[in-house]
$ cat entry.pdb   # PDB, C-alpha atoms
ATOM      1  CA  MET A 826       9.705  66.680  86.532  1.00  0.00           C
ATOM      2  CA  ARG A 827       6.284  68.024  85.528  1.00  0.00           C
ATOM      3  CA  LEU A 828       7.069  67.447  81.854  1.00  0.00           C
ATOM      4  CA  ILE A 829       7.909  63.813  82.521  1.00  0.00           C
ATOM      5  CA  ILE A 830       4.640  63.273  84.430  1.00  0.00           C
ATOM      6  CA  ILE A 831       2.632  64.984  81.681  1.00  0.00           C
ATOM      7  CA  ALA A 832       4.385  62.871  79.018  1.00  0.00           C
ATOM      8  CA  VAL A 833       3.708  59.620  80.919  1.00  0.00           C
ATOM      9  CA  VAL A 834       0.037  60.550  81.429  1.00  0.00           C
ATOM     10  CA  ALA A 835      -0.290  61.423  77.722  1.00  0.00           C
ATOM     11  CA  VAL A 836       1.245  58.101  76.640  1.00  0.00           C
ATOM     12  CA  VAL A 837      -1.031  56.152  79.024  1.00  0.00           C
ATOM     13  CA  ALA A 838      -4.086  58.037  77.696  1.00  0.00           C
ATOM     14  CA  VAL A 839      -3.163  57.314  74.066  1.00  0.00           C
ATOM     15  CA  VAL A 840      -2.611  53.605  74.813  1.00  0.00           C
ATOM     16  CA  ALA A 841      -5.969  53.423  76.648  1.00  0.00           C
ATOM     17  CA  VAL A 842      -7.798  55.023  73.707  1.00  0.00           C
ATOM     18  CA  VAL A 843      -6.170  52.617  71.227  1.00  0.00           C
ATOM     19  CA  VAL A 844      -6.974  49.557  73.366  1.00  0.00           C
ATOM     20  CA  ALA A 845     -10.595  50.712  73.839  1.00  0.00           C
ATOM     21  CA  GLY A 846     -10.961  51.316  70.097  1.00  0.00           C
ATOM     22  CA  VAL A 847      -9.638  47.869  69.166  1.00  0.00           C
ATOM     23  CA  ALA A 848     -11.809  46.149  71.785  1.00  0.00           C
ATOM     24  CA  GLY A 849     -14.880  48.109  70.632  1.00  0.00           C
ATOM     25  CA  PHE A 850     -14.247  47.169  67.015  1.00  0.00           C
ATOM     26  CA  PHE A 851     -14.138  43.438  67.788  1.00  0.00           C
ATOM     27  CA  LEU A 852     -17.120  43.516  70.158  1.00  0.00           C
ATOM     28  CA  ILE A 853     -19.443  45.952  68.393  1.00  0.00           C
ATOM     29  CA  GLY A 854     -18.097  45.897  64.826  1.00  0.00           C
ATOM     30  CA  PRO A 855     -19.892  42.660  63.804  1.00  0.00           C
ATOM     31  CA  MET A 856     -23.221  44.187  64.844  1.00  0.00           C
ATOM     32  CA  PHE A 857     -22.778  47.004  62.323  1.00  0.00           C
ATOM     33  CA  PHE A 858     -20.785  45.271  59.603  1.00  0.00           C
ATOM     34  CA  GLY A 859     -22.004  41.649  59.922  1.00  0.00           C
ATOM     35  CA  SER A 860     -19.774  38.629  59.732  1.00  0.00           C
ATOM     36  CA  GLU A 861     -17.076  38.321  57.116  1.00  0.00           C
ATOM     37  CA  GLU A 862     -18.482  35.053  55.770  1.00  0.00           C
ATOM     38  CA  GLU A 863     -20.639  35.360  52.689  1.00  0.00           C
ATOM     39  CA  PRO A 864     -23.739  33.155  52.530  1.00  0.00           C
ATOM     40  CA  PRO A 865     -23.595  30.391  49.912  1.00  0.00           C
ATOM     41  CA  LEU A 866     -25.311  31.015  46.610  1.00  0.00           C
ATOM     42  CA  GLU A 867     -28.726  29.415  46.187  1.00  0.00           C
ATOM     43  CA  ALA A 868     -27.277  26.911  43.714  1.00  0.00           C
ATOM     44  CA  GLU A 869     -24.760  25.752  46.341  1.00  0.00           C
ATOM     45  CA  GLN A 870     -27.421  24.971  48.958  1.00  0.00           C
ATOM     46  CA  PRO A 871     -28.391  21.308  49.231  1.00  0.00           C
ATOM     47  CA  ALA A 872     -31.824  20.288  48.004  1.00  0.00           C
ATOM     48  CA  ALA A 873     -34.366  19.262  50.623  1.00  0.00           C
ATOM     49  CA  ALA A 874     -34.173  15.619  49.512  1.00  0.00           C
ATOM     50  CA  ASP A 875     -30.380  15.576  49.892  1.00  0.00           C
ATOM     51  CA  THR A 876     -30.513  16.718  53.529  1.00  0.00           C
ATOM     52  CA  LYS A 877     -32.054  13.407  54.651  1.00  0.00           C
ATOM     53  CA  ALA A 878     -28.919  11.552  53.579  1.00  0.00           C
ATOM     54  CA  GLU A 879     -26.605  13.883  55.510  1.00  0.00           C
ATOM     55  CA  SER A 880     -25.056  12.887  58.785  1.00  0.00           C
ATOM     56  CA  THR A 881     -27.237  13.579  61.788  1.00  0.00           C
ATOM     57  CA  ALA A 882     -24.288  14.651  63.952  1.00  0.00           C
ATOM     58  CA  GLU A 883     -25.986  18.055  64.283  1.00  0.00           C
ATOM     59  CA  GLY A 884     -29.191  16.427  65.510  1.00  0.00           C
ATOM     60  CA  GLU A 885     -32.626  16.156  63.941  1.00  0.00           C
ATOM     61  CA  ALA A 886     -33.310  19.912  63.795  1.00  0.00           C
ATOM     62  CA  ALA A 887     -30.597  20.703  61.220  1.00  0.00           C
ATOM     63  CA  PRO A 888     -32.033  18.694  58.275  1.00  0.00           C
ATOM     64  CA  ARG A 889     -35.560  19.972  59.029  1.00  0.00           C
ATOM     65  CA  ARG A 890     -34.281  23.543  59.174  1.00  0.00           C
ATOM     66  CA  ARG A 891     -32.573  23.246  55.777  1.00  0.00           C
ATOM     67  CA  ALA A 892     -35.659  21.645  54.231  1.00  0.00           C
ATOM     68  CA  VAL A 893     -37.929  24.480  55.400  1.00  0.00           C
ATOM     69  CA  THR A 894     -35.496  27.137  54.162  1.00  0.00           C
ATOM     70  CA  THR A 895     -35.211  25.494  50.753  1.00  0.00           C
ATOM     71  CA  LYS A 896     -38.983  25.044  50.467  1.00  0.00           C
ATOM     72  CA  ALA A 897     -39.631  28.675  51.395  1.00  0.00           C
ATOM     73  CA  ALA A 898     -37.279  29.861  48.658  1.00  0.00           C
ATOM     74  CA  GLU A 899     -38.931  27.801  45.907  1.00  0.00           C
ATOM     75  CA  GLY A 900     -40.810  29.726  43.242  1.00  0.00           C
ATOM     76  CA  ARG A 901     -39.367  33.106  44.183  1.00  0.00           C
ATOM     77  CA  GLU A 902     -37.462  34.747  41.389  1.00  0.00           C
ATOM     78  CA  LEU A 903     -35.808  38.132  41.415  1.00  0.00           C
ATOM     79  CA  GLY A 904     -38.226  40.726  40.065  1.00  0.00           C
ATOM     80  CA  SER A 905     -41.346  38.576  40.492  1.00  0.00           C
ATOM     81  CA  PHE A 906     -41.669  38.656  44.270  1.00  0.00           C
ATOM     82  CA  GLU A 907     -45.148  38.850  45.771  1.00  0.00           C
ATOM     83  CA  VAL A 908     -45.616  39.095  49.525  1.00  0.00           C
ATOM     84  CA  GLY A 909     -48.083  36.751  51.190  1.00  0.00           C
ATOM     85  CA  PRO A 910     -50.248  37.689  54.194  1.00  0.00           C
ATOM     86  CA  THR A 911     -48.122  38.949  57.086  1.00  0.00           C
ATOM     87  CA  VAL A 912     -48.667  38.939  60.842  1.00  0.00           C
ATOM     88  CA  GLU A 913     -46.569  41.183  63.072  1.00  0.00           C
ATOM     89  CA  ILE A 914     -45.553  39.820  66.446  1.00  0.00           C
ATOM     90  CA  ALA A 915     -45.380  42.649  68.963  1.00  0.00           C
ATOM     91  CA  GLU A 916     -41.988  43.915  70.071  1.00  0.00           C
ATOM     92  CA  ARG A 917     -40.504  41.852  72.866  1.00  0.00           C
ATOM     93  CA  VAL A 918     -37.492  41.983  75.139  1.00  0.00           C
ATOM     94  CA  VAL A 919     -35.946  38.565  75.817  1.00  0.00           C
ATOM     95  CA  ASN A 920     -33.094  37.612  78.151  1.00  0.00           C
ATOM     96  CA  LEU A 921     -30.442  35.612  76.320  1.00  0.00           C
ATOM     97  CA  SER A 922     -28.396  32.668  77.571  1.00  0.00           C
ATOM     98  CA  GLY A 923     -24.631  32.485  77.745  1.00  0.00           C
ATOM     99  CA  GLU A 924     -22.084  34.996  78.886  1.00  0.00           C
ATOM    100  CA  GLY A 925     -20.813  38.042  77.107  1.00  0.00           C
ATOM    101  CA  PRO A 926     -21.513  41.713  76.655  1.00  0.00           C
ATOM    102  CA  PHE A 927     -24.962  41.172  75.112  1.00  0.00           C
ATOM    103  CA  SER A 928     -27.575  39.563  77.368  1.00  0.00           C
ATOM    104  CA  VAL A 929     -30.864  41.058  76.134  1.00  0.00           C
ATOM    105  CA  LEU A 930     -32.519  41.108  72.691  1.00  0.00           C
ATOM    106  CA  GLN A 931     -35.193  43.632  71.781  1.00  0.00           C
ATOM    107  CA  VAL A 932     -36.927  42.350  68.646  1.00  0.00           C
ATOM    108  CA  THR A 933     -40.022  42.807  66.496  1.00  0.00           C
ATOM    109  CA  ILE A 934     -40.843  39.912  64.169  1.00  0.00           C
ATOM    110  CA  VAL A 935     -43.083  39.661  61.115  1.00  0.00           C
ATOM    111  CA  LEU A 936     -44.232  36.248  59.871  1.00  0.00           C
ATOM    112  CA  GLU A 937     -45.099  35.882  56.180  1.00  0.00           C
ATOM    113  CA  PHE A 938     -47.559  33.130  55.299  1.00  0.00           C
ATOM    114  CA  ALA A 939     -48.134  31.439  51.955  1.00  0.00           C
ATOM    115  CA  ALA A 940     -51.171  33.016  50.309  1.00  0.00           C
ATOM    116  CA  THR A 941     -54.237  30.821  50.050  1.00  0.00           C
ATOM    117  CA  ASP A 942     -55.588  30.205  46.548  1.00  0.00           C
ATOM    118  CA  GLU A 943     -58.473  32.533  47.373  1.00  0.00           C
ATOM    119  CA  ILE A 944     -56.131  35.391  48.321  1.00  0.00           C
ATOM    120  CA  ALA A 945     -53.790  34.751  45.386  1.00  0.00           C
ATOM    121  CA  GLU A 946     -56.635  34.891  42.865  1.00  0.00           C
ATOM    122  CA  ALA A 947     -58.496  37.829  44.457  1.00  0.00           C
ATOM    123  CA  GLY A 948     -58.600  41.240  42.878  1.00  0.00           C
ATOM    124  CA  PRO A 949     -57.121  44.346  44.537  1.00  0.00           C
ATOM    125  CA  ASP A 950     -60.479  45.307  46.086  1.00  0.00           C
ATOM    126  CA  GLU A 951     -61.181  41.874  47.595  1.00  0.00           C
ATOM    127  CA  LYS A 952     -57.668  41.069  48.828  1.00  0.00           C
ATOM    128  CA  PRO A 953     -57.582  43.272  52.016  1.00  0.00           C
ATOM    129  CA  GLY A 954     -60.793  41.708  53.348  1.00  0.00           C
ATOM    130  CA  LEU A 955     -59.561  38.179  52.635  1.00  0.00           C
ATOM    131  CA  VAL A 956     -56.254  38.925  54.370  1.00  0.00           C
ATOM    132  CA  GLU A 957     -58.148  40.082  57.484  1.00  0.00           C
ATOM    133  CA  VAL A 958     -60.164  36.842  57.464  1.00  0.00           C
ATOM    134  CA  PHE A 959     -56.888  34.927  57.115  1.00  0.00           C
ATOM    135  CA  LYS A 960     -55.354  36.753  60.105  1.00  0.00           C
ATOM    136  CA  ALA A 961     -58.435  35.913  62.194  1.00  0.00           C
ATOM    137  CA  GLU A 962     -57.950  32.218  61.302  1.00  0.00           C
ATOM    138  CA  VAL A 963     -54.308  32.316  62.393  1.00  0.00           C
ATOM    139  CA  GLU A 964     -54.945  34.320  65.593  1.00  0.00           C
ATOM    140  CA  PRO A 965     -55.741  31.334  67.893  1.00  0.00           C
ATOM    141  CA  ALA A 966     -52.297  29.845  67.166  1.00  0.00           C
ATOM    142  CA  MET A 967     -50.379  33.066  67.848  1.00  0.00           C
ATOM    143  CA  ALA A 968     -50.013  32.538  71.622  1.00  0.00           C
ATOM    144  CA  LEU A 969     -48.394  29.149  70.986  1.00  0.00           C
ATOM    145  CA  ILE A 970     -46.166  30.578  68.250  1.00  0.00           C
ATOM    146  CA  GLU A 971     -45.056  33.490  70.454  1.00  0.00           C
ATOM    147  CA  ASP A 972     -44.284  31.154  73.367  1.00  0.00           C
ATOM    148  CA  GLY A 973     -42.189  28.981  71.053  1.00  0.00           C
ATOM    149  CA  ILE A 974     -40.355  32.046  69.749  1.00  0.00           C
ATOM    150  CA  ASN A 975     -39.568  33.230  73.296  1.00  0.00           C
ATOM    151  CA  THR A 976     -38.174  29.792  74.148  1.00  0.00           C
ATOM    152  CA  ILE A 977     -36.017  29.697  71.015  1.00  0.00           C
ATOM    153  CA  ILE A 978     -34.616  33.211  71.496  1.00  0.00           C
ATOM    154  CA  SER A 979     -33.864  32.745  75.204  1.00  0.00           C
ATOM    155  CA  ALA A 980     -31.710  29.704  74.367  1.00  0.00           C
ATOM    156  CA  ARG A 981     -29.422  31.823  72.121  1.00  0.00           C
ATOM    157  CA  SER A 982     -26.305  33.737  73.123  1.00  0.00           C
ATOM    158  CA  GLY A 983     -25.822  37.375  72.221  1.00  0.00           C
ATOM    159  CA  GLU A 984     -22.484  36.645  70.559  1.00  0.00           C
ATOM    160  CA  LYS A 985     -24.084  34.118  68.201  1.00  0.00           C
ATOM    161  CA  LEU A 986     -26.923  36.512  67.318  1.00  0.00           C
ATOM    162  CA  LEU A 987     -24.370  39.134  66.273  1.00  0.00           C
ATOM    163  CA  THR A 988     -23.400  36.977  63.305  1.00  0.00           C
ATOM    164  CA  GLU A 989     -25.285  36.639  60.030  1.00  0.00           C
ATOM    165  CA  ASP A 990     -25.378  32.859  60.440  1.00  0.00           C
ATOM    166  CA  GLY A 991     -26.795  33.231  63.961  1.00  0.00           C
ATOM    167  CA  LYS A 992     -29.643  35.434  62.700  1.00  0.00           C
ATOM    168  CA  LYS A 993     -30.355  33.075  59.776  1.00  0.00           C
ATOM    169  CA  GLU A 994     -30.436  30.039  62.087  1.00  0.00           C
ATOM    170  CA  LEU A 995     -32.818  31.888  64.422  1.00  0.00           C
ATOM    171  CA  LYS A 996     -35.135  32.687  61.488  1.00  0.00           C
ATOM    172  CA  ASP A 997     -35.073  29.050  60.362  1.00  0.00           C
ATOM    173  CA  ASP A 998     -35.913  27.791  63.865  1.00  0.00           C
ATOM    174  CA  ILE A 999     -38.738  30.323  64.220  1.00  0.00           C
ATOM    175  CA  THR A1000     -40.113  29.117  60.860  1.00  0.00           C
ATOM    176  CA  ILE A1001     -40.127  25.515  62.091  1.00  0.00           C
ATOM    177  CA  VAL A1002     -41.893  26.362  65.373  1.00  0.00           C
ATOM    178  CA  ALA A1003     -44.428  28.644  63.682  1.00  0.00           C
ATOM    179  CA  ASN A1004     -45.289  25.931  61.146  1.00  0.00           C
ATOM    180  CA  GLU A1005     -45.871  23.396  63.922  1.00  0.00           C
ATOM    181  CA  PHE A1006     -48.688  25.538  65.324  1.00  0.00           C
ATOM    182  CA  ALA A1007     -50.008  27.424  62.279  1.00  0.00           C
ATOM    183  CA  ALA A1008     -51.201  24.376  60.298  1.00  0.00           C
ATOM    184  CA  PRO A1009     -52.859  24.162  57.838  1.00  0.00           C
ATOM    185  CA  HIS A1010     -51.256  27.511  56.965  1.00  0.00           C
ATOM    186  CA  THR A1011     -47.545  27.690  56.123  1.00  0.00           C
ATOM    187  CA  VAL A1012     -45.015  30.292  57.253  1.00  0.00           C
ATOM    188  CA  ILE A1013     -42.655  31.009  54.342  1.00  0.00           C
ATOM    189  CA  GLY A1014     -40.719  33.971  55.720  1.00  0.00           C
ATOM    190  CA  VAL A1015     -39.528  35.434  59.021  1.00  0.00           C
ATOM    191  CA  TYR A1016     -38.402  39.067  59.115  1.00  0.00           C
ATOM    192  CA  PHE A1017     -36.825  41.088  61.919  1.00  0.00           C
ATOM    193  CA  THR A1018     -38.164  44.637  61.604  1.00  0.00           C
ATOM    194  CA  LYS A1019     -36.340  45.590  64.812  1.00  0.00           C
ATOM    195  CA  PHE A1020     -33.297  43.735  66.167  1.00  0.00           C
ATOM    196  CA  PHE A1021     -31.384  45.386  68.996  1.00  0.00           C
ATOM    197  CA  LEU A1022     -28.866  43.593  71.215  1.00  0.00           C
ATOM    198  CA  GLN A1023     -27.849  45.189  74.489  1.00  0.00           C
TER     199      GLN A1023
END
$ encode --input "entry.pdb" --output "structure tokens"
Amino acid sequence: MRLIIIAVVAVVAVVAVVVAGVAGFFLIGPMFFGSEEEPPLEAEQPAAADTKAESTAEGEAAPRRRAVTTKAAEGRELGSFEVGPTVEIAERVVNLSGEGPFSVLQVTIVLEFAATDEIAEAGPDEKPGLVEVFKAEVEPAMALIEDGINTIISARSGEKLLTEDGKKELKDDITIVANEFAAPHTVIGVYFTKFFLQ
């Protein structure tokens, strides 16, 4: 009788471990391995001019988002990449919308701006001082940019942010909001230096 009980308990334990492992793989696996979809090659992406002719079933934000992404990628070739002035947005913890296992995002964001002609043409000794002047010019807009970022992130679901497309869409939307407030300066890149869903 004891052997039967031990055997039943062992079988139940093995089944529980297998079920937990499969569930963990599908819930947490995408966070570590990303989505299975590969992003389209740059040549396959529509040009900014072509996006205006597309259907607006997705709303007005989709064509603008594609146009900003395409514009930001212009002029950057592999091996000749030069980083523009960057501004780090302090780490923040944001509650996410939707249901699911992930309801909070802990994130640190860095915005890359297009270099002014003065910064681009400056020598190595002058550049750090000019970048500091640039950051001081952008500083008044940062509160508005950060508020916009909080609003955008809080409207996302954790499940969507687990995917590569979800992260890319979030970067594109942050670029749009940052450019609305940072004028006349242009944000050309958004980078997540910390991205932790819990």
$ closest_residue --input "entry.pdb" --among "A:Ala1007, A:Gly923, A:Ile1013, A:Val918" --to "Pro965 in chain A" --atoms "all atoms listed in the file"
A:Ala1007
$ atom_distance --input "entry.pdb" --atom1 "CA of Glu937 in chain A" --atom2 "CA of Ala980 in chain A"
23.4 Å
$ atom_distance --input "entry.pdb" --atom1 "CA of Ala939 in chain A" --atom2 "CA of Ile978 in chain A"
23.8 Å
$ closest_residue --input "entry.pdb" --among "A:Asp990, A:Glu971, A:Asp942, A:Glu1005" --to "Glu916 in chain A" --atoms "all atoms listed in the file"
A:Glu971
$ atom_distance --input "entry.pdb" --atom1 "CA of His1010 in chain A" --atom2 "CA of Ala940 in chain A"
8.6 Å
$ resolve_selection --input "entry.pdb" --expression "the PyMOL selection byres ((chain A and resi 956) around 12)" --output "number ranges by chain"
A: 908-912, 937-945, 947-955, 957-963
$ closest_residue --input "entry.pdb" --among "A:Ala915, A:Ser928, A:Thr1011, A:Met826" --to "Gly983 in chain A" --atoms "all atoms listed in the file"
A:Ser928
$ residues_around --input "entry.pdb" --residues "Leu969 in chain A" --least-positions-apart "5" --cutoff "9 Å" --atoms "all atoms listed in the file" --output "PyMOL selection string"
chain A and resi 974+1003+1006
$ resolve_selection --input "entry.pdb" --expression "the PyMOL selection byres ((chain A and resi 1022) around 8)" --output "PDB file with C-alpha atoms, in the coordinates of the input"
ATOM      1  CA  PHE A 927     -24.962  41.172  75.112  1.00  0.00           C
ATOM      2  CA  SER A 928     -27.575  39.563  77.368  1.00  0.00           C
ATOM      3  CA  VAL A 929     -30.864  41.058  76.134  1.00  0.00           C
ATOM      4  CA  LEU A 930     -32.519  41.108  72.691  1.00  0.00           C
ATOM      5  CA  GLN A 931     -35.193  43.632  71.781  1.00  0.00           C
ATOM      6  CA  GLY A 983     -25.822  37.375  72.221  1.00  0.00           C
ATOM      7  CA  PHE A1020     -33.297  43.735  66.167  1.00  0.00           C
ATOM      8  CA  PHE A1021     -31.384  45.386  68.996  1.00  0.00           C
ATOM      9  CA  GLN A1023     -27.849  45.189  74.489  1.00  0.00           C
TER      10      GLN A1023
END
$ residues_near_point --input "entry.pdb" --point "(-37.3, 29.8, 59.8)" --cutoff "9 Å" --atoms "only C-alpha atoms" --output "ChimeraX atom specification"
/A:890,893-894,897,993-1004,1012-1015
$ residues_around --input "entry.pdb" --residues "Thr933 in chain A" --least-positions-apart "6" --cutoff "9 Å" --atoms "all atoms listed in the file" --output "count of residues only"
10
$ closest_residue --input "entry.pdb" --among "A:Val935, A:Ala1008, A:Ile831, A:Val919" --to "Thr976 in chain A" --atoms "only C-alpha atoms"
A:Val919
